[in-house]
Amino acid sequence: MAKYSLLFPGQGSQFVGMGKDMYAKYAAAKDIFDKSDNILGMALSRLCFEGPVEVLNDTENTQPAIFVTSYAALKVLESEFGQSLQPMAGAGHSLGEYTALAAAGSLSFEDGLKLVHVRGSLMKSAGEKAAGGMTVVIGADISALITIINRIAEDKSQVLKIANDNCPGQVVISGSPAALKEFENNYKESGAKFVKRLPVSVACHTPLMADAQKEFDTILAQTPINPAKFDVIANTSAKPIREPQEIRKELTNQLCGLVLWTQTSKYFDKIACKRFLEIGPKKVLCGLTKRTLPQSECIGFNSVPDVEPALQFLQTGKK
(Lines give C-alpha, C1' and ligand atoms only; values in the text may rest on other atoms or scores of the structure.)
Protein backbone atom coordinates (compact mmCIF):
# COMPACT_ATOMS: atom_id res chain seq x y z
CA MET A 1 0.00 0.00 0.00
CA ALA A 2 1.35 3.40 -0.99
CA LYS A 3 2.16 5.99 1.68
CA TYR A 4 0.32 9.28 1.38
CA SER A 5 -1.21 12.14 3.38
CA LEU A 6 -4.59 13.83 3.08
CA LEU A 7 -5.24 17.52 2.40
CA PHE A 8 -8.56 19.37 2.78
CA PRO A 9 -9.28 22.79 1.23
CA GLY A 10 -10.62 25.90 2.89
CA GLN A 11 -12.75 28.88 1.99
CA GLY A 12 -12.26 30.13 -1.56
CA SER A 13 -12.42 26.67 -3.12
CA GLN A 14 -16.20 26.68 -3.48
CA PHE A 15 -17.98 26.67 -6.84
CA VAL A 16 -21.57 26.18 -7.94
CA GLY A 17 -22.10 22.54 -8.91
CA MET A 18 -19.62 21.06 -6.43
CA GLY A 19 -20.62 17.61 -5.27
CA LYS A 20 -23.54 17.32 -7.68
CA ASP A 21 -22.24 14.41 -9.76
CA MET A 22 -21.10 12.55 -6.62
CA TYR A 23 -24.57 12.97 -5.12
CA ALA A 24 -26.24 11.62 -8.26
CA LYS A 25 -24.05 8.51 -8.53
CA TYR A 26 -22.97 7.46 -5.03
CA ALA A 27 -25.20 6.63 -2.06
CA ALA A 28 -22.37 7.59 0.31
CA ALA A 29 -22.39 11.17 -0.99
CA LYS A 30 -26.18 11.40 -1.08
CA ASP A 31 -26.34 10.28 2.53
CA ILE A 32 -23.95 13.02 3.70
CA PHE A 33 -25.66 15.81 1.75
CA ASP A 34 -29.13 14.69 2.92
CA LYS A 35 -27.93 14.53 6.52
CA SER A 36 -26.48 18.02 6.27
CA ASP A 37 -29.79 19.41 5.02
CA ASN A 38 -31.58 17.85 7.98
CA ILE A 39 -28.99 18.94 10.55
CA LEU A 40 -28.93 22.56 9.37
CA GLY A 41 -32.61 22.80 8.47
CA MET A 42 -31.77 24.30 5.08
CA ALA A 43 -31.23 23.07 1.53
CA LEU A 44 -27.43 23.24 1.64
CA SER A 45 -27.18 20.55 -1.04
CA ARG A 46 -29.24 22.64 -3.48
CA LEU A 47 -27.06 25.66 -2.75
CA CYS A 48 -23.92 23.61 -3.54
CA PHE A 49 -25.42 22.16 -6.72
CA GLU A 50 -27.35 25.14 -8.10
CA GLY A 51 -26.23 28.31 -6.31
CA PRO A 52 -26.79 31.21 -6.69
CA VAL A 53 -23.09 31.94 -6.41
CA GLU A 54 -23.51 35.10 -4.32
CA VAL A 55 -25.38 33.11 -1.65
CA LEU A 56 -22.86 30.26 -1.78
CA ASN A 57 -20.06 32.81 -1.34
CA ASP A 58 -21.62 34.15 1.86
CA THR A 59 -19.20 33.08 4.62
CA GLU A 60 -21.88 31.48 6.79
CA ASN A 61 -22.89 29.27 3.83
CA THR A 62 -19.47 28.74 2.27
CA GLN A 63 -17.94 27.09 5.31
CA PRO A 64 -20.53 24.31 5.84
CA ALA A 65 -20.81 23.86 2.06
CA ILE A 66 -17.09 23.13 1.64
CA PHE A 67 -17.01 20.95 4.76
CA VAL A 68 -19.95 18.83 3.55
CA THR A 69 -18.70 18.56 -0.04
CA SER A 70 -15.25 17.47 1.14
CA TYR A 71 -16.59 15.00 3.69
CA ALA A 72 -19.01 13.51 1.17
CA ALA A 73 -16.10 12.98 -1.24
CA LEU A 74 -14.13 11.30 1.55
CA LYS A 75 -17.00 8.88 2.21
CA VAL A 76 -17.31 8.07 -1.50
CA LEU A 77 -13.62 7.29 -1.66
CA GLU A 78 -13.80 5.06 1.41
CA SER A 79 -16.86 3.23 0.06
CA GLU A 80 -15.15 2.57 -3.29
CA PHE A 81 -11.82 1.70 -1.68
CA GLY A 82 -13.57 -0.77 0.60
CA GLN A 83 -11.92 0.41 3.82
CA SER A 84 -11.10 3.46 5.87
CA LEU A 85 -8.18 5.49 4.58
CA GLN A 86 -4.94 5.15 6.51
CA PRO A 87 -2.79 8.16 5.69
CA MET A 88 0.55 9.03 7.23
CA ALA A 89 -1.02 12.30 8.37
CA GLY A 90 -3.55 14.93 7.34
CA ALA A 91 -3.97 18.69 7.22
CA GLY A 92 -6.57 21.21 6.21
CA HIS A 93 -6.22 24.87 5.28
CA SER A 94 -8.10 27.04 7.82
CA LEU A 95 -11.70 25.78 7.53
CA GLY A 96 -10.28 22.57 6.03
CA GLU A 97 -8.68 21.75 9.37
CA TYR A 98 -12.16 20.84 10.63
CA THR A 99 -12.59 18.39 7.74
CA ALA A 100 -9.19 16.88 8.52
CA LEU A 101 -10.22 16.42 12.15
CA ALA A 102 -13.49 14.80 11.09
CA ALA A 103 -11.59 12.49 8.73
CA ALA A 104 -9.32 11.56 11.64
CA GLY A 105 -12.32 10.74 13.83
CA SER A 106 -11.73 13.58 16.30
CA LEU A 107 -15.01 15.26 15.34
CA SER A 108 -18.17 13.46 14.34
CA PHE A 109 -19.65 14.64 11.06
CA GLU A 110 -22.61 16.15 12.91
CA ASP A 111 -20.46 18.05 15.42
CA GLY A 112 -18.02 19.19 12.75
CA LEU A 113 -20.86 20.52 10.60
CA LYS A 114 -22.40 22.40 13.52
CA LEU A 115 -19.04 23.92 14.43
CA VAL A 116 -18.24 25.18 10.93
CA HIS A 117 -21.78 26.54 10.53
CA VAL A 118 -21.44 28.49 13.79
CA ARG A 119 -17.91 29.54 12.84
CA GLY A 120 -19.13 30.96 9.53
CA SER A 121 -22.05 32.77 11.15
CA LEU A 122 -19.85 34.32 13.85
CA MET A 123 -17.25 35.38 11.31
CA LYS A 124 -19.93 37.02 9.19
CA SER A 125 -21.23 38.89 12.26
CA ALA A 126 -17.70 39.97 13.15
CA GLY A 127 -17.26 41.28 9.61
CA GLU A 128 -20.49 43.27 9.88
CA LYS A 129 -19.30 44.85 13.15
CA ALA A 130 -15.79 45.60 11.87
CA ALA A 131 -15.35 45.45 8.10
CA GLY A 132 -12.31 43.65 6.79
CA GLY A 133 -10.82 41.95 3.79
CA MET A 134 -7.95 39.83 2.47
CA THR A 135 -5.38 40.35 -0.30
CA VAL A 136 -3.10 37.80 -1.99
CA VAL A 137 0.48 39.01 -2.32
CA ILE A 138 2.73 37.31 -4.91
CA GLY A 139 6.52 37.50 -4.94
CA ALA A 140 7.12 39.80 -1.96
CA ASP A 141 10.28 39.89 0.12
CA ILE A 142 8.90 38.83 3.51
CA SER A 143 11.07 41.17 5.59
CA ALA A 144 10.12 44.13 3.39
CA LEU A 145 6.47 43.08 3.53
CA ILE A 146 6.54 42.96 7.33
CA THR A 147 8.14 46.41 7.44
CA ILE A 148 5.30 47.88 5.38
CA ILE A 149 2.65 46.07 7.43
CA ASN A 150 4.15 47.35 10.69
CA ARG A 151 4.29 50.90 9.34
CA ILE A 152 0.63 50.83 8.32
CA ALA A 153 -0.39 49.20 11.61
CA GLU A 154 1.22 52.03 13.59
CA ASP A 155 -2.13 53.70 13.11
CA LYS A 156 -3.92 51.90 15.93
CA SER A 157 -7.27 52.35 14.20
CA GLN A 158 -6.08 49.97 11.48
CA VAL A 159 -5.41 46.22 11.58
CA LEU A 160 -3.12 44.51 9.09
CA LYS A 161 -1.51 41.07 9.45
CA ILE A 162 -0.14 38.19 7.42
CA ALA A 163 -3.01 35.69 7.58
CA ASN A 164 -1.76 32.80 5.44
CA ASP A 165 1.81 31.81 4.64
CA ASN A 166 0.79 29.59 1.74
CA CYS A 167 3.99 28.73 -0.11
CA PRO A 168 7.25 30.37 -1.19
CA GLY A 169 6.28 33.56 -2.98
CA GLN A 170 2.64 33.64 -1.87
CA VAL A 171 1.13 35.04 1.30
CA VAL A 172 -2.28 36.46 2.10
CA ILE A 173 -2.61 39.58 4.21
CA SER A 174 -5.76 40.39 6.13
CA GLY A 175 -7.11 43.45 7.89
CA SER A 176 -9.07 46.68 7.80
CA PRO A 177 -10.20 47.92 4.34
CA ALA A 178 -8.27 51.19 4.60
CA ALA A 179 -5.10 49.35 5.67
CA LEU A 180 -5.39 46.92 2.78
CA LYS A 181 -5.95 49.79 0.36
CA GLU A 182 -2.87 51.60 1.64
CA PHE A 183 -0.79 48.46 1.19
CA GLU A 184 -2.16 47.83 -2.30
CA ASN A 185 -1.22 51.39 -3.28
CA ASN A 186 2.36 50.78 -2.12
CA TYR A 187 2.84 47.03 -2.62
CA LYS A 188 5.84 47.42 -4.95
CA GLU A 189 7.89 48.58 -1.95
CA SER A 190 7.73 44.97 -0.74
CA GLY A 191 9.12 43.63 -4.00
CA ALA A 192 5.79 41.98 -4.77
CA LYS A 193 4.98 41.34 -8.41
CA PHE A 194 1.23 41.17 -8.03
CA VAL A 195 -1.57 41.68 -5.50
CA LYS A 196 -5.22 40.73 -5.69
CA ARG A 197 -8.06 41.49 -3.30
CA LEU A 198 -10.08 38.37 -2.48
CA PRO A 199 -13.90 38.37 -2.65
CA VAL A 200 -14.39 38.20 1.13
CA SER A 201 -15.65 40.83 3.56
CA VAL A 202 -14.02 39.48 6.73
CA ALA A 203 -10.45 39.75 8.00
CA CYS A 204 -9.77 36.09 8.73
CA HIS A 205 -6.88 35.18 11.05
CA THR A 206 -6.55 38.63 12.61
CA PRO A 207 -7.60 40.23 15.93
CA LEU A 208 -10.76 41.45 14.14
CA MET A 209 -12.03 37.88 14.68
CA ALA A 210 -11.47 38.03 18.47
CA ASP A 211 -15.14 38.54 19.36
CA ALA A 212 -16.15 35.66 17.10
CA GLN A 213 -13.46 33.49 18.70
CA LYS A 214 -14.78 34.16 22.22
CA GLU A 215 -18.30 33.10 21.30
CA PHE A 216 -17.01 30.15 19.29
CA ASP A 217 -14.90 28.92 22.22
CA THR A 218 -18.02 28.62 24.37
CA ILE A 219 -19.57 26.26 21.83
CA LEU A 220 -16.29 24.44 21.25
CA ALA A 221 -16.04 23.70 24.99
CA GLN A 222 -19.35 21.82 24.77
CA THR A 223 -18.34 19.78 21.72
CA PRO A 224 -17.03 16.22 22.19
CA ILE A 225 -13.53 15.73 20.75
CA ASN A 226 -11.90 12.31 20.45
CA PRO A 227 -8.24 11.38 19.98
CA ALA A 228 -7.28 11.50 16.31
CA LYS A 229 -6.64 8.23 14.45
CA PHE A 230 -3.75 9.87 12.61
CA ASP A 231 -1.67 13.00 13.07
CA VAL A 232 -3.31 16.23 11.97
CA ILE A 233 -0.77 18.98 11.27
CA ALA A 234 -1.98 22.10 13.05
CA ASN A 235 -2.38 25.35 11.12
CA THR A 236 -0.92 27.59 13.82
CA SER A 237 2.11 25.50 14.80
CA ALA A 238 2.76 23.21 11.80
CA LYS A 239 3.16 20.41 14.35
CA PRO A 240 1.21 17.15 14.68
CA ILE A 241 -1.70 17.01 17.09
CA ARG A 242 -3.77 14.02 18.20
CA GLU A 243 -5.01 14.49 21.76
CA PRO A 244 -8.29 16.30 22.51
CA GLN A 245 -6.61 19.01 24.61
CA GLU A 246 -4.17 19.76 21.77
CA ILE A 247 -7.03 19.93 19.28
CA ARG A 248 -9.08 22.29 21.47
CA LYS A 249 -6.06 24.57 21.87
CA GLU A 250 -5.51 24.62 18.11
CA LEU A 251 -9.13 25.48 17.30
CA THR A 252 -9.05 28.18 19.97
CA ASN A 253 -5.94 29.75 18.43
CA GLN A 254 -6.81 29.21 14.79
CA LEU A 255 -9.43 31.84 13.99
CA CYS A 256 -7.14 34.75 14.88
CA GLY A 257 -3.83 32.97 14.23
CA LEU A 258 -1.56 32.73 11.21
CA VAL A 259 -2.03 29.70 8.92
CA LEU A 260 1.45 28.21 8.46
CA TRP A 261 0.88 26.25 5.26
CA THR A 262 4.45 26.57 3.97
CA GLN A 263 5.71 25.17 7.27
CA THR A 264 3.03 22.45 7.16
CA SER A 265 4.32 21.35 3.77
CA LYS A 266 7.86 21.31 5.15
CA TYR A 267 6.69 19.09 8.02
CA PHE A 268 5.44 16.55 5.49
CA ASP A 269 8.88 16.64 3.89
CA LYS A 270 10.41 16.01 7.32
CA ILE A 271 8.41 12.80 7.71
CA ALA A 272 9.33 11.79 4.14
CA CYS A 273 5.81 12.11 2.78
CA LYS A 274 5.90 12.93 -0.92
CA ARG A 275 2.40 11.86 -2.00
CA PHE A 276 -0.78 13.77 -1.27
CA LEU A 277 -4.48 13.33 -1.91
CA GLU A 278 -6.51 16.55 -1.75
CA ILE A 279 -10.15 15.79 -1.01
CA GLY A 280 -12.65 18.54 -1.70
CA PRO A 281 -13.55 21.21 -4.26
CA LYS A 282 -10.84 22.38 -6.66
CA LYS A 283 -7.15 21.50 -6.27
CA VAL A 284 -5.71 24.63 -4.66
CA LEU A 285 -3.66 22.84 -2.02
CA CYS A 286 -2.01 20.56 -4.57
CA GLY A 287 -0.63 23.68 -6.23
CA LEU A 288 0.52 25.30 -2.99
CA THR A 289 2.14 22.13 -1.69
CA LYS A 290 4.04 21.50 -4.91
CA ARG A 291 5.38 25.06 -4.79
CA THR A 292 7.03 24.18 -1.47
CA LEU A 293 7.83 20.55 -2.32
CA PRO A 294 8.53 20.42 -6.08
CA GLN A 295 9.26 16.67 -6.00
CA SER A 296 5.92 15.81 -4.42
CA GLU A 297 2.95 14.22 -6.18
CA CYS A 298 -0.58 15.40 -5.48
CA ILE A 299 -3.91 14.32 -6.91
CA GLY A 300 -7.26 16.03 -6.38
CA PHE A 301 -10.49 14.22 -5.64
CA ASN A 302 -13.78 16.09 -6.03
CA SER A 303 -15.82 14.55 -8.85
CA VAL A 304 -16.88 11.24 -10.42
CA PRO A 305 -14.04 11.19 -13.02
CA ASP A 306 -11.56 11.43 -10.13
CA VAL A 307 -12.61 8.10 -8.58
CA GLU A 308 -10.53 5.66 -10.63
CA PRO A 309 -7.34 7.80 -10.62
CA ALA A 310 -7.69 8.26 -6.83
CA LEU A 311 -8.13 4.53 -6.24
CA GLN A 312 -5.05 3.82 -8.34
CA PHE A 313 -3.14 6.48 -6.42
CA LEU A 314 -4.08 4.90 -3.07
CA GLN A 315 -3.10 1.43 -4.21
CA THR A 316 0.11 2.20 -6.10
CA GLY A 317 1.11 5.73 -5.22
CA LYS A 318 1.03 6.64 -8.90
CA LYS A 319 -1.33 8.93 -10.77
# chains A, B, ... in the order shown; residues from 1 in each chain; ligands from 1
call {"tool": "select_by_dssp", "arguments": {"residues": "stretch 44-253 of chain A", "states": "alpha helix (DSSP H)", "output": "PyMOL selection string"}}
result
chain A and resi 44-50+53-56+59-81+96-103+109-129+142-153+177-185+210-221+244-253
call {"tool": "residues_around", "arguments": {"residues": "A:Ile149", "least_positions_apart": "4", "cutoff": "9 Å", "atoms": "only C-alpha atoms", "output": "list in words"}}
result
Ala144, Leu145, Ala153, Glu154, Leu160, Lys161, Ile162, Ile173, Ala179 and Phe183 of chain A
call {"tool": "closest_residue", "arguments": {"among": "A:Pro224, A:Pro64, A:Gly175, A:Pro207", "to": "A:Pro244", "atoms": "only C-alpha atoms"}}
result
A:Pro224
call {"tool": "closest_residue", "arguments": {"among": "A:Asp37, A:Glu184, A:Ile142, A:Ile66", "to": "A:Lys282", "atoms": "only C-alpha atoms"}}
result
A:Ile66
call {"tool": "atom_distance", "arguments": {"atom1": "atom CA of A:Gly280", "atom2": "atom CA of A:Lys214"}}
result
28.6 Å
call {"tool": "closest_atom_pairs", "arguments": {"of": "stretch 103-143 of chain A", "to": "stretch 67-81 of chain A", "cutoff": "9 Å", "atoms": "only C-alpha atoms", "output": "JSON lines"}}
result
{"residue": "A:Ala103", "atom": "CA", "partner": "A:Tyr71", "partner_atom": "CA", "distance": 7.5}
{"residue": "A:Phe109", "atom": "CA", "partner": "A:Tyr71", "partner_atom": "CA", "distance": 8.0}
{"residue": "A:Gly112", "atom": "CA", "partner": "A:Phe67", "partner_atom": "CA", "distance": 8.2}
{"residue": "A:Leu113", "atom": "CA", "partner": "A:Phe67", "partner_atom": "CA", "distance": 7.0}
{"residue": "A:Val116", "atom": "CA", "partner": "A:Phe67", "partner_atom": "CA", "distance": 7.6}
call {"tool": "closest_residue", "arguments": {"among": "A:Lys239, A:His93, A:Lys290, A:Lys283", "to": "A:Ile271", "atoms": "only C-alpha atoms"}}
result
A:Lys239
call {"tool": "select_by_dssp", "arguments": {"residues": "stretch 29-252 of chain A", "states": "strand (DSSP E)", "output": "JSON, numbers by chain"}}
result
{"A": [89, 90, 91, 92, 133, 134, 135, 136, 137, 138, 160, 161, 162, 163, 164, 165, 166, 167, 170, 171, 172, 173, 174, 175, 194, 195, 196, 197, 231, 232, 233, 240, 241]}
call {"tool": "write_last_selection", "arguments": {"atoms": "N, CA, C and O atoms", "output": "CSV table (one decimal), in the first residue's frame"}}
result
chain,number,residue,atom,x,y,z
A,89,ALA,N,-0.6,11.1,7.6
A,89,ALA,CA,-1.0,12.3,8.4
A,89,ALA,C,-2.1,13.0,7.5
A,89,ALA,O,-2.4,12.6,6.4
A,90,GLY,N,-2.6,14.1,8.1
A,90,GLY,CA,-3.5,14.9,7.3
A,90,GLY,C,-3.4,16.4,7.7
A,90,GLY,O,-2.9,16.7,8.8
A,91,ALA,N,-4.0,17.3,6.9
A,91,ALA,CA,-4.0,18.7,7.2
A,91,ALA,C,-5.1,19.4,6.4
A,91,ALA,O,-5.4,18.9,5.3
A,92,GLY,N,-5.6,20.4,6.9
A,92,GLY,CA,-6.6,21.2,6.2
A,92,GLY,C,-6.3,22.7,6.3
A,92,GLY,O,-5.8,23.1,7.4
A,133,GLY,N,-11.0,42.6,5.1
A,133,GLY,CA,-10.8,42.0,3.8
A,133,GLY,C,-9.5,41.2,3.8
A,133,GLY,O,-8.8,41.2,4.8
A,134,MET,N,-9.2,40.6,2.6
A,134,MET,CA,-8.0,39.8,2.5
A,134,MET,C,-7.4,40.1,1.1
A,134,MET,O,-8.1,40.2,0.1
A,135,THR,N,-6.1,40.1,1.0
A,135,THR,CA,-5.4,40.4,-0.3
A,135,THR,C,-4.2,39.3,-0.5
A,135,THR,O,-3.4,39.2,0.4
A,136,VAL,N,-4.2,38.7,-1.6
A,136,VAL,CA,-3.1,37.8,-2.0
A,136,VAL,C,-1.9,38.6,-2.5
A,136,VAL,O,-2.1,39.6,-3.2
A,137,VAL,N,-0.7,38.3,-2.0
A,137,VAL,CA,0.5,39.0,-2.3
A,137,VAL,C,1.5,38.0,-2.9
A,137,VAL,O,1.8,37.0,-2.3
A,138,ILE,N,1.9,38.2,-4.2
A,138,ILE,CA,2.7,37.3,-4.9
A,138,ILE,C,4.1,37.9,-5.1
A,138,ILE,O,4.3,39.0,-5.6
A,160,LEU,N,-3.7,45.1,10.3
A,160,LEU,CA,-3.1,44.5,9.1
A,160,LEU,C,-2.1,43.4,9.5
A,160,LEU,O,-1.2,43.7,10.3
A,161,LYS,N,-2.3,42.2,9.1
A,161,LYS,CA,-1.5,41.1,9.5
A,161,LYS,C,-1.3,40.1,8.3
A,161,LYS,O,-2.1,40.1,7.3
A,162,ILE,N,-0.2,39.3,8.3
A,162,ILE,CA,-0.1,38.2,7.4
A,162,ILE,C,-1.1,37.1,8.0
A,162,ILE,O,-1.0,36.7,9.1
A,163,ALA,N,-2.0,36.7,7.1
A,163,ALA,CA,-3.0,35.7,7.6
A,163,ALA,C,-2.6,34.3,7.2
A,163,ALA,O,-2.8,33.3,8.0
A,164,ASN,N,-2.1,34.1,6.0
A,164,ASN,CA,-1.8,32.8,5.4
A,164,ASN,C,-0.4,32.9,4.8
A,164,ASN,O,-0.1,33.6,3.9
A,165,ASP,N,0.5,32.0,5.3
A,165,ASP,CA,1.8,31.8,4.6
A,165,ASP,C,1.6,30.5,3.8
A,165,ASP,O,1.8,29.4,4.3
A,166,ASN,N,1.3,30.7,2.5
A,166,ASN,CA,0.8,29.6,1.7
A,166,ASN,C,1.9,28.8,1.1
A,166,ASN,O,1.8,27.5,1.1
A,167,CYS,N,2.9,29.4,0.6
A,167,CYS,CA,4.0,28.7,-0.1
A,167,CYS,C,5.0,29.8,-0.4
A,167,CYS,O,4.8,31.0,-0.3
A,170,GLN,N,4.1,33.3,-2.0
A,170,GLN,CA,2.6,33.6,-1.9
A,170,GLN,C,2.2,33.7,-0.4
A,170,GLN,O,2.3,32.7,0.3
A,171,VAL,N,1.8,34.9,0.0
A,171,VAL,CA,1.1,35.0,1.3
A,171,VAL,C,-0.2,35.8,1.1
A,171,VAL,O,-0.4,36.4,0.0
A,172,VAL,N,-1.0,35.7,2.1
A,172,VAL,CA,-2.3,36.5,2.1
A,172,VAL,C,-2.3,37.4,3.3
A,172,VAL,O,-2.0,36.9,4.4
A,173,ILE,N,-2.5,38.7,3.1
A,173,ILE,CA,-2.6,39.6,4.2
A,173,ILE,C,-4.1,39.9,4.5
A,173,ILE,O,-4.9,39.8,3.6
A,174,SER,N,-4.4,40.2,5.7
A,174,SER,CA,-5.8,40.4,6.1
A,174,SER,C,-5.9,41.6,7.1
A,174,SER,O,-4.9,41.8,7.9
A,175,GLY,N,-7.0,42.3,7.0
A,175,GLY,CA,-7.1,43.5,7.9
A,175,GLY,C,-8.2,44.4,7.5
A,175,GLY,O,-9.1,44.1,6.8
A,194,PHE,N,2.7,41.2,-7.7
A,194,PHE,CA,1.2,41.2,-8.0
A,194,PHE,C,0.5,41.1,-6.7
A,194,PHE,O,0.9,40.4,-5.8
A,195,VAL,N,-0.7,41.8,-6.6
A,195,VAL,CA,-1.6,41.7,-5.5
A,195,VAL,C,-3.0,41.6,-6.0
A,195,VAL,O,-3.3,42.1,-7.1
A,196,LYS,N,-3.8,40.9,-5.3
A,196,LYS,CA,-5.2,40.7,-5.7
A,196,LYS,C,-6.1,40.6,-4.5
A,196,LYS,O,-5.9,39.8,-3.6
A,197,ARG,N,-7.1,41.5,-4.4
A,197,ARG,CA,-8.1,41.5,-3.3
A,197,ARG,C,-9.0,40.3,-3.5
A,197,ARG,O,-9.5,40.1,-4.6
A,231,ASP,N,-2.1,11.6,12.8
A,231,ASP,CA,-1.7,13.0,13.1
A,231,ASP,C,-2.3,14.0,12.1
A,231,ASP,O,-2.4,13.8,10.9
A,232,VAL,N,-2.8,15.1,12.7
A,232,VAL,CA,-3.3,16.2,12.0
A,232,VAL,C,-2.3,17.4,12.2
A,232,VAL,O,-2.0,17.7,13.4
A,233,ILE,N,-1.8,17.9,11.1
A,233,ILE,CA,-0.8,19.0,11.3
A,233,ILE,C,-1.5,20.3,11.5
A,233,ILE,O,-2.2,20.8,10.6
A,240,PRO,N,2.3,18.1,14.6
A,240,PRO,CA,1.2,17.1,14.7
A,240,PRO,C,0.5,17.2,16.0
A,240,PRO,O,1.0,17.4,17.1
A,241,ILE,N,-0.9,17.1,15.9
A,241,ILE,CA,-1.7,17.0,17.1
A,241,ILE,C,-2.6,15.8,17.0
A,241,ILE,O,-3.0,15.4,15.9
call {"tool": "atom_distance", "arguments": {"atom1": "atom CA of A:Phe301", "atom2": "atom CA of A:Ser94"}}
result
18.7 Å
call {"tool": "residues_around", "arguments": {"residues": "stretch 3-5 of chain A", "least_positions_apart": "6", "cutoff": "10 Å", "atoms": "only C-alpha atoms", "output": "count of residues only"}}
result
25
call {"tool": "residues_around", "arguments": {"residues": "A:Ala65", "least_positions_apart": "5", "cutoff": "8 Å", "atoms": "only C-alpha atoms", "output": "PyMOL selection string"}}
result
chain A and resi 14+44-45+48+56
call {"tool": "atom_distance", "arguments": {"atom1": "atom CA of A:Lys25", "atom2": "atom CA of A:His117"}}
result
26.3 Å
call {"tool": "closest_residue", "arguments": {"among": "A:Ser106, A:Ser157, A:Ser237, A:Thr59", "to": "A:Gly120", "atoms": "only C-alpha atoms"}}
result
A:Thr59
call {"tool": "closest_residue", "arguments": {"among": "A:Asn226, A:His205, A:Asp269, A:Asp211", "to": "A:Ala238", "atoms": "only C-alpha atoms"}}
result
A:Asp269
call {"tool": "closest_residue", "arguments": {"among": "A:Leu293, A:Leu95, A:Ala126, A:Ala27", "to": "A:Asn235", "atoms": "only C-alpha atoms"}}
result
A:Leu95
